[in-house]
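Asker: Here it is, the structure, as structure tokens.
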Amino acid sequence: MADVYKDDFLYVGKDYKRRDGPEKAAGTATYAADITLPNSLFAKVMTCPWAHAKIKKMDTSKAEKLEGVVDILRFDDPRIKGKMLNSSWNHPFVAYLTENVEHLKEMLPDEGFYDGEELGVVILAESENICEEAMDLVEVEWEQLPFILDPEDALKDDAYVYFPGRKTMQGNGNEIDGCFFNMGDVEKAFRESDAVWTVPVAEPMINWVSAEMPTCSCTWESENLTIYAHSQVPYELGLFTADNLGIPQSKVKVISPFSGGTFGERSFVQHFNDQGIAYIAAMLSKQHGRPVKFYINRADQFRTGRSQCYMHGEIKIGANKDGKINAVSIKNFTSFQRAGLWITGSAYAGYDHFTDNTCVPNVKMEGRCAVTSQPPGWWFRCEQNIGCYNLNIVNSEVAHKFGLDPIDVAIKNNGYEGEDVDHLYKIAAEHGLPTTDSLKACIATGKKAFKWDEKLHADGAKKLPNGRYHGIGFVWDHAWNDNVNTITVGLALNQDGSVNIIGQRDDLGTNDRTSYSQLAAECIGIPYEMVNYRCTDTYLPMQLKNPGGSMGIISQSRGIMRAAKKLRAEIFAKAESLKVLNGIKADEMDLKEGYVFEAKNPSNRIHISEVAATCLPYAAQPWGVSCKGSIMVYDTNVTKRKWGYPDGGTRPRFARQCHFLEIEVDPDTGEIFMGDLVTVNDVGVVISPKSCKGQGYGGAMQGLGRAYSEEYIYDKTYGVLLNPDLQEYKIVTMLDFENAESYLEESHNCGGEWGCGGIGEDVATLIPCILTDAVRNALGVSITEQPITPDKILKALGKVK
Amino acid sequence: MTEKKNKKKSLGEISRREFLIDAGIVLGSTAAVGTAALASSCGGKTETVTSTVTKDGPSKTVTTTVTDVVEKLVPLSCTEDGQWVIDFKVNGKRFVEIVEPNETLHHLLHEKLGFKSIKTFCSRGGCGSCSVLIDGRPILSCMTFASSVHGKEIWTAEGIATEMPALIDAYVDNECMQCGYCTPGFIVTAAALLKRNSDPTTDEIREALAGNLCRCGTYPVHIPAVKEAAKALKGGR
């Protein structure tokens, strides 16, 4: 890790005007959903109206006769039959699961395993309205089949088996995957603890609810395909689509313009909403010689899934009166469903926040995943949600059980691999990394900002004049400070000395255009204004980390730094060959603020443009690896975790985050009113302060919704989703918070260049746990099943059954 | 002009061509698909109007020449196909369009006229991302029939950016956008608030923007942004 302690930044750490701000505010920024290509046709897919049903008979004749219908693609059409969502490519997670499961799924099947699964028929028509009208004219005779909504029910011996004969992990045929882990001796530790108790836990199924819905437009120029897609992984989308079409990937260009929210979910290329719509749109576009736009509406976006899976279970805790946690045994059940691949997205991450972040020496987990008739889950800020949840449910339980401050419990149990923080930071020291106790630093900042000590009181002890109860909550976990990825980034030097960052990446809203330019300016040694980054399409296959939402800055910063070193070397070599600067050698030069100069004598200098201009004699060839005389450097950066996971073992996390929330609870209605919210994140090094804080409070807003209002609600009789819209599925609004402040810590210990790391996803993932702690403090009752809705509060208070 | 000019026809009796003739509009050539535009401002004597005509099917753009146009509305009329002919302004420019009776204002503005600031987030009046100003009030375009805006003056975020740059500056300075998809809807609602209240309180801002959803969670910074914009606007910006 280079320059870990560098802090004399010229451009990093400063706020610049957000480069994509004006066009986003004025509405001139274009998203895939905004793009309707001239002369375009429109496509819409049928969805399964039942929890589990098979098409016995389908009559599309009336739809075919409707004016404006151009084509009807049925499940039994030779053009689609046999096509698989996963194409023939192995995704890393397919490989992970292949031992136990068959991962392929037909692109347009005749059987739906959950309400909303895409199947049956695709209508191609002159307008969206005609698509809808034609779909209503398709007559289907359904064979309704048994269904199960609860994964625990699906594991019972007499349960209906969805895929008989399929190899499974254990038990009946529904158990597709699981997570089994044991460290230490939990039973012995339970016997030796001051108290042992069990709490129920549950996390609802939630939806990513990106503002922009899944959509793509496909068009052909001769044999070349262009796809405009709302995708977080455009390169993979192109790869899979080319494979399914049977054409070289080089003939597919994917353009991901601005994206209306991705949050990890738009990286699920094997889902129908990605690969399905892209392949079918491309295929039909080719056949009909017109562009095709495929769209998914909001109700179907909800019903087709792509959300955190439903989980419930229990945690057994053994702890001492001083707050020391001796043992944790986690048992949970998670629903499972197939898309292009089988994925649960959660169960395997239920215990590792204890092993990675605490000194709890005895940890056991039994996570069982079973097929149910709920849609497939995928990462939505994020797969570590259950890990955060389990850690903080236990932290809160122990604190309130023994009347302790939850902050003290956190500090007492902070550590790594069952040992305390000294063990953690000894590892850091061995690798030349800082040894700052990140949790203590974050807590110190947060306690002061929140006025924690002033607000702290015994559980249920503070009733306000308005009749409500006051409570405060605390959560903590590691920062998002690890990363495994391969990126390729280019830096192209222009004649005037300005530099283009070259790399394809979906715009995630994290202010990449500004922050990457700051990084590159700092690394190269030229003014910020001389660097520009505009996302490219996939025709130039230089990929920044995709999906880049999870700690993407770690890979991107290291890649940019490595490319910058090469670019600087090229510039110095060219300057030496020009015999400028009194003929000094390249290794005697430096570059700062746009000037190449003699390191020992900074007054002996020339502007970078004087070097750059000699590299590029003809404007017609501004850059390119084959362009003689130009400078273009490229670098592939493989960041590897130094330890364990996913190859086995654990991960030391040197940086932490913690958050604080104040609430009032109405004991008569069960309604929660938010008060002060303070987030503190150790991000290693701050690149763009405003954007960084924006990820802090933004993630918190998202997390609050998951804590107290967001959940899928199914009709248990028919197994269909009852709230597939934004009227009944409640995300937070301007009225759902009182005051939110975000603070940043800089330990230089988050894995990226100078030790920078991620923020945003980690806050959204951790915050949902905070309400349990705050409600416990307000009312003295333990509610460990999310979301904490008024009915659960009233039930806990014994006011309703 | 024909004798039909003075004869009031009932719904469905007037053909599209008859309407254009009645209105003094001479049909021009069919051009490539595109967005509608008004070549000159409404005050001129002669205008070229490009109207996008769609019944479900490939949209066609008809370029027409309007002679001796005076500052008065083309009357609200209905074609024999049941389509409505409406005359309205967007961001200060005049449009004459033929719309389906069930066509939403969102479809008209976004799909046919190319105002991309008007987003589809929920499609059911629950998110505020499709908001436009109609006669100064924020309206959900996905829940509004296009035919209802005859004679109305509409402002979108694109137009507000030109008219109230201080609001855009405040939104950018406070980084009120992340993915940015919902931001134009907030701009429209905030502009409506500032037009009726030059010094809004925190609670008034919350209340005004409560119907706009943002999944990125940018809510906290909209409050200082609107206050800064209010201050700048009072200062004459």
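The chains in the structure tokens are called A, B, ... from first to last as shown; in each chain the residues are counted from 1, and the ligands are counted from 1 in the order shown.
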Could you name the residues that touch Val611 in chain A at 12 Å or less, counting only C-alpha atoms, but leaving out those on the same chain fewer than 3 positions away, as a PyMOL selection string?
Answerer: chain A and resi 493-498+568+570-581+591+594-597+605-608+614-617+629-631
Asker: Which residues of chain A are close to chain B, meaning at most 8 Å apart when you count only C-alpha atoms, and how do they look as a ChimeraX atom specification?
Answerer: /A:17-18,21-22,24-31,34,36,38-40,68,126-127,129-130,209-213,258-261,298,507-511,690-691,694,697-702,725-727,731-735,739-740
Asker: Emit the selected residues as an mmCIF file, in the first residue's frame, including C-alpha atoms.
Answerer:
```cif
data_model
loop_
_atom_site.group_PDB
_atom_site.id
_atom_site.type_symbol
_atom_site.label_atom_id
_atom_site.label_comp_id
_atom_site.auth_asym_id
_atom_site.auth_seq_id
_atom_site.Cartn_x
_atom_site.Cartn_y
_atom_site.Cartn_z
ATOM 1 C CA LYS A 17 -18.765 21.557 -7.557
ATOM 2 C CA ARG A 18 -20.373 18.254 -8.398
ATOM 3 C CA GLY A 21 -25.021 18.179 -10.632
ATOM 4 C CA PRO A 22 -26.394 20.777 -13.056
ATOM 5 C CA LYS A 24 -29.229 16.075 -12.960
ATOM 6 C CA ALA A 25 -30.955 19.022 -11.294
ATOM 7 C CA ALA A 26 -32.247 20.471 -14.533
ATOM 8 C CA GLY A 27 -33.422 17.092 -15.747
ATOM 9 C CA THR A 28 -31.287 17.043 -18.859
ATOM 10 C CA ALA A 29 -29.340 13.979 -17.698
ATOM 11 C CA THR A 30 -30.537 11.058 -19.764
ATOM 12 C CA TYR A 31 -31.320 7.633 -18.303
ATOM 13 C CA ASP A 34 -35.703 8.153 -21.112
ATOM 14 C CA THR A 36 -36.970 5.643 -26.931
ATOM 15 C CA PRO A 38 -36.791 6.508 -33.399
ATOM 16 C CA ASN A 39 -39.245 4.047 -34.945
ATOM 17 C CA SER A 40 -39.021 1.855 -31.878
ATOM 18 C CA GLY A 68 -50.470 -2.675 -33.746
ATOM 19 C CA GLU A 126 -46.148 -0.428 -31.783
ATOM 20 C CA SER A 127 -46.749 1.096 -28.356
ATOM 21 C CA ASN A 129 -50.500 0.654 -24.584
ATOM 22 C CA ILE A 130 -50.965 -1.929 -27.298
ATOM 23 C CA VAL A 209 -36.975 0.226 -5.304
ATOM 24 C CA SER A 210 -34.620 2.026 -7.562
ATOM 25 C CA ALA A 211 -36.243 5.107 -8.989
ATOM 26 C CA GLU A 212 -35.683 3.984 -12.561
ATOM 27 C CA MET A 213 -37.241 0.688 -13.491
ATOM 28 C CA PHE A 258 -27.070 7.783 -16.038
ATOM 29 C CA SER A 259 -28.705 5.201 -13.790
ATOM 30 C CA GLY A 260 -31.724 5.871 -11.656
ATOM 31 C CA GLY A 261 -30.515 3.934 -8.624
ATOM 32 C CA ARG A 298 -43.310 -0.876 -11.143
ATOM 33 C CA ASP A 507 -23.054 5.862 -12.755
ATOM 34 C CA LEU A 508 -24.112 4.935 -9.240
ATOM 35 C CA GLY A 509 -24.744 8.451 -8.064
ATOM 36 C CA THR A 510 -21.648 8.536 -5.902
ATOM 37 C CA ASN A 511 -20.154 11.532 -7.715
ATOM 38 C CA LYS A 690 -19.880 16.499 0.717
ATOM 39 C CA SER A 691 -20.387 13.406 -1.404
ATOM 40 C CA GLY A 694 -24.168 12.313 1.405
ATOM 41 C CA TYR A 697 -27.049 10.257 5.613
ATOM 42 C CA GLY A 698 -28.386 8.837 2.359
ATOM 43 C CA GLY A 699 -27.649 5.316 3.481
ATOM 44 C CA ALA A 700 -29.215 6.128 6.825
ATOM 45 C CA MET A 701 -32.449 7.293 5.212
ATOM 46 C CA GLN A 702 -32.645 4.067 3.254
ATOM 47 C CA ASP A 725 -46.429 -0.423 -5.384
ATOM 48 C CA LEU A 726 -45.113 2.670 -3.664
ATOM 49 C CA GLN A 727 -48.420 3.462 -2.042
ATOM 50 C CA ILE A 731 -40.081 3.999 1.800
ATOM 51 C CA VAL A 732 -39.110 7.008 3.896
ATOM 52 C CA THR A 733 -40.004 10.553 2.932
ATOM 53 C CA MET A 734 -39.045 14.053 4.023
ATOM 54 C CA LEU A 735 -41.334 13.607 7.019
ATOM 55 C CA ASN A 739 -32.262 15.849 12.040
ATOM 56 C CA ALA A 740 -29.508 13.847 10.357
#
```
Asker: Leaving out Trp155 in chain B and any residue of its chain fewer than 6 positions from it, which residues lie within 6 Å of it when counting only C-alpha atoms, given as JSON, numbers by chain?
Answerer: {"B": [90, 91, 132, 133]}
Asker: Residues within 9 Å of Leu439 in chain A, please, as a ChimeraX atom specification. Count only C-alpha atoms; anything in the same chain fewer than 3 positions from it doesn't count.
Answerer: /A:410-411,414,436,442-444,476-478,655-658,682
Asker: If I take CA of Ala53 in chain A and CA of Gly313 in chain A, how far is one from the other in Å, to one decimal?
Answerer: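 These two atoms are separated by 28.8 Å.
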Asker: Neighbouring residues of range 301-310 of chain A were defined as those with any atom within 7 Å, considering only C-alpha atoms; residues of the same chain fewer than 2 positions away were excluded. Please report them as a ChimeraX atom specification.
Answerer: /A:115-117,203-208,265,296-299,312,334-335,344,375-380,721,724
Asker: Can those selected residues be exported to a file as a short mmCIF file (atom, residue, chain, number, x, y, z; two decimals), in the first residue's frame so that it contains N, CA and C atoms?
Answerer:
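Wrote it out as part-v4.cif, contents follow:
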```cif
data_model
loop_
_atom_site.label_atom_id
_atom_site.label_comp_id
_atom_site.auth_asym_id
_atom_site.auth_seq_id
_atom_site.Cartn_x
_atom_site.Cartn_y
_atom_site.Cartn_z
N ASP A 115 -45.42 -15.64 -7.54
CA ASP A 115 -46.23 -14.56 -8.11
C ASP A 115 -45.31 -13.54 -8.75
N GLY A 116 -45.48 -13.36 -10.05
CA GLY A 116 -44.69 -12.36 -10.75
C GLY A 116 -43.59 -12.90 -11.63
N GLU A 117 -43.31 -14.19 -11.56
CA GLU A 117 -42.22 -14.72 -12.38
C GLU A 117 -42.55 -14.55 -13.87
N GLU A 203 -36.02 -10.96 9.47
CA GLU A 203 -35.83 -9.85 8.54
C GLU A 203 -36.81 -10.04 7.40
N PRO A 204 -37.49 -8.98 7.02
CA PRO A 204 -38.50 -9.13 5.98
C PRO A 204 -37.88 -9.19 4.60
N MET A 205 -38.68 -9.58 3.67
CA MET A 205 -38.28 -9.46 2.29
C MET A 205 -38.46 -7.99 1.90
N ILE A 206 -37.45 -7.41 1.33
CA ILE A 206 -37.53 -6.00 0.95
C ILE A 206 -37.13 -5.83 -0.50
N ASN A 207 -37.44 -4.69 -1.02
CA ASN A 207 -37.18 -4.43 -2.44
C ASN A 207 -36.20 -3.27 -2.59
N TRP A 208 -35.46 -3.32 -3.67
CA TRP A 208 -34.45 -2.28 -3.91
C TRP A 208 -35.10 -0.95 -4.30
N GLU A 265 -28.58 -4.19 -6.95
CA GLU A 265 -29.57 -5.03 -7.61
C GLU A 265 -29.42 -5.06 -9.12
N ILE A 296 -40.11 -2.90 -17.84
CA ILE A 296 -40.77 -3.59 -16.74
C ILE A 296 -41.46 -2.52 -15.90
N ASN A 297 -42.75 -2.68 -15.64
CA ASN A 297 -43.42 -1.64 -14.87
C ASN A 297 -43.20 -1.84 -13.37
N ARG A 298 -43.64 -0.87 -12.57
CA ARG A 298 -43.31 -0.88 -11.14
C ARG A 298 -43.90 -2.10 -10.44
N ALA A 299 -45.13 -2.44 -10.72
CA ALA A 299 -45.74 -3.58 -10.04
C ALA A 299 -44.96 -4.86 -10.36
N HIS A 312 -35.98 -15.82 8.98
CA HIS A 312 -36.37 -15.80 10.38
C HIS A 312 -35.65 -16.91 11.12
N THR A 334 -33.86 -19.28 5.53
CA THR A 334 -33.91 -18.26 4.49
C THR A 334 -34.59 -18.82 3.26
N SER A 335 -35.44 -17.98 2.66
CA SER A 335 -36.12 -18.43 1.44
C SER A 335 -35.17 -18.34 0.25
N THR A 344 -29.52 -17.00 -2.77
CA THR A 344 -30.21 -16.57 -1.57
C THR A 344 -29.72 -15.21 -1.14
N PRO A 375 -39.92 -14.49 -4.64
CA PRO A 375 -38.96 -14.24 -5.73
C PRO A 375 -37.51 -14.32 -5.27
N PRO A 376 -36.61 -14.51 -6.23
CA PRO A 376 -35.20 -14.66 -5.88
C PRO A 376 -34.63 -13.38 -5.29
N GLY A 377 -33.82 -13.55 -4.28
CA GLY A 377 -33.19 -12.38 -3.68
C GLY A 377 -31.86 -12.09 -4.34
N TRP A 378 -31.48 -10.88 -4.25
CA TRP A 378 -30.16 -10.48 -4.76
C TRP A 378 -29.64 -9.39 -3.86
N TRP A 379 -28.43 -8.98 -4.05
CA TRP A 379 -27.82 -8.01 -3.15
C TRP A 379 -28.47 -6.65 -3.30
N PHE A 380 -28.97 -6.17 -2.23
CA PHE A 380 -29.44 -4.79 -2.19
C PHE A 380 -28.93 -4.21 -0.89
N LEU A 721 -48.44 -11.36 -3.85
CA LEU A 721 -47.94 -10.16 -3.19
C LEU A 721 -49.04 -9.10 -3.13
N PRO A 724 -47.38 -4.45 -4.18
CA PRO A 724 -46.34 -4.20 -5.19
C PRO A 724 -46.40 -2.78 -5.76
#
```
Asker: In Å, how far is it from CA of Gly471 in chain A to CA of Leu391 in chain A?
Answerer: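 Result for CA of Gly471 in chain A versus CA of Leu391 in chain A: 20.3 Å, one decimal.
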Asker: Need to verify the contact set: Gly460 in chain A, 10 Å, only C-alpha atoms, exclusion of same-chain residues closer than 3 positions in sequence. Can you return it as a PyMOL selection string?
Answerer: chain A and resi 457+463+469-471+775-781
Asker: Restricting the calculation to only C-alpha atoms, which member of A:Arg505, A:Lys455, A:Lys14, A:Arg513 is positioned closest to Asn532 in chain A?
Answerer: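 With only C-alpha atoms as the atom set, the closest residue is A:Arg513.
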Asker: Quick one: pull the distance between CA of Val720 in chain A and CA of Ile277 in chain A, Å, one decimal.
Answerer: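 Pair CA of Val720 in chain A / CA of Ile277 in chain A returns 23.4 Å.
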Asker: Going by DSSP on the backbone, which bits of range 623-775 of chain A are helix (DSSP H, G or I)? Write them as a CSV table (one decimal) with C-alpha atoms, in the first residue's frame, please.
Answerer:
```csv
chain,number,residue,atom,x,y,z
A,689,PRO,CA,-16.4,15.5,1.7
A,690,LYS,CA,-19.9,16.5,0.7
A,691,SER,CA,-20.4,13.4,-1.4
A,692,CYS,CA,-19.0,11.2,1.3
A,693,LYS,CA,-21.4,12.6,3.9
A,694,GLY,CA,-24.2,12.3,1.4
A,695,GLN,CA,-23.5,8.6,1.3
A,696,GLY,CA,-23.7,8.6,5.1
A,697,TYR,CA,-27.0,10.3,5.6
A,698,GLY,CA,-28.4,8.8,2.4
A,699,GLY,CA,-27.6,5.3,3.5
A,700,ALA,CA,-29.2,6.1,6.8
A,701,MET,CA,-32.4,7.3,5.2
A,702,GLN,CA,-32.6,4.1,3.3
A,703,GLY,CA,-31.9,2.0,6.3
A,704,LEU,CA,-34.6,3.7,8.4
A,705,GLY,CA,-37.2,2.6,6.0
A,706,ARG,CA,-36.0,-1.0,6.3
A,707,ALA,CA,-36.1,-0.6,10.1
A,708,TYR,CA,-39.7,0.5,10.5
A,734,MET,CA,-39.0,14.1,4.0
A,735,LEU,CA,-41.3,13.6,7.0
A,736,ASP,CA,-39.6,10.5,8.4
A,753,GLU,CA,-4.9,4.2,-2.1
A,754,TRP,CA,-3.7,6.1,1.0
A,755,GLY,CA,-6.1,3.8,2.9
A,761,GLU,CA,-23.9,0.8,1.4
A,762,ASP,CA,-22.5,0.0,4.9
A,763,VAL,CA,-24.7,2.6,6.5
A,764,ALA,CA,-27.8,1.4,4.8
A,765,THR,CA,-27.0,-2.1,5.8
A,766,LEU,CA,-26.2,-1.4,9.4
A,767,ILE,CA,-28.9,1.3,10.3
A,768,PRO,CA,-31.9,-1.1,10.2
A,769,CYS,CA,-30.6,-2.7,13.4
A,770,ILE,CA,-30.6,0.6,15.3
A,771,LEU,CA,-34.3,0.8,16.0
A,772,THR,CA,-34.3,-2.4,18.1
A,773,ASP,CA,-31.9,-0.8,20.5
A,774,ALA,CA,-33.7,2.6,20.6
A,775,VAL,CA,-37.1,1.0,21.1
```
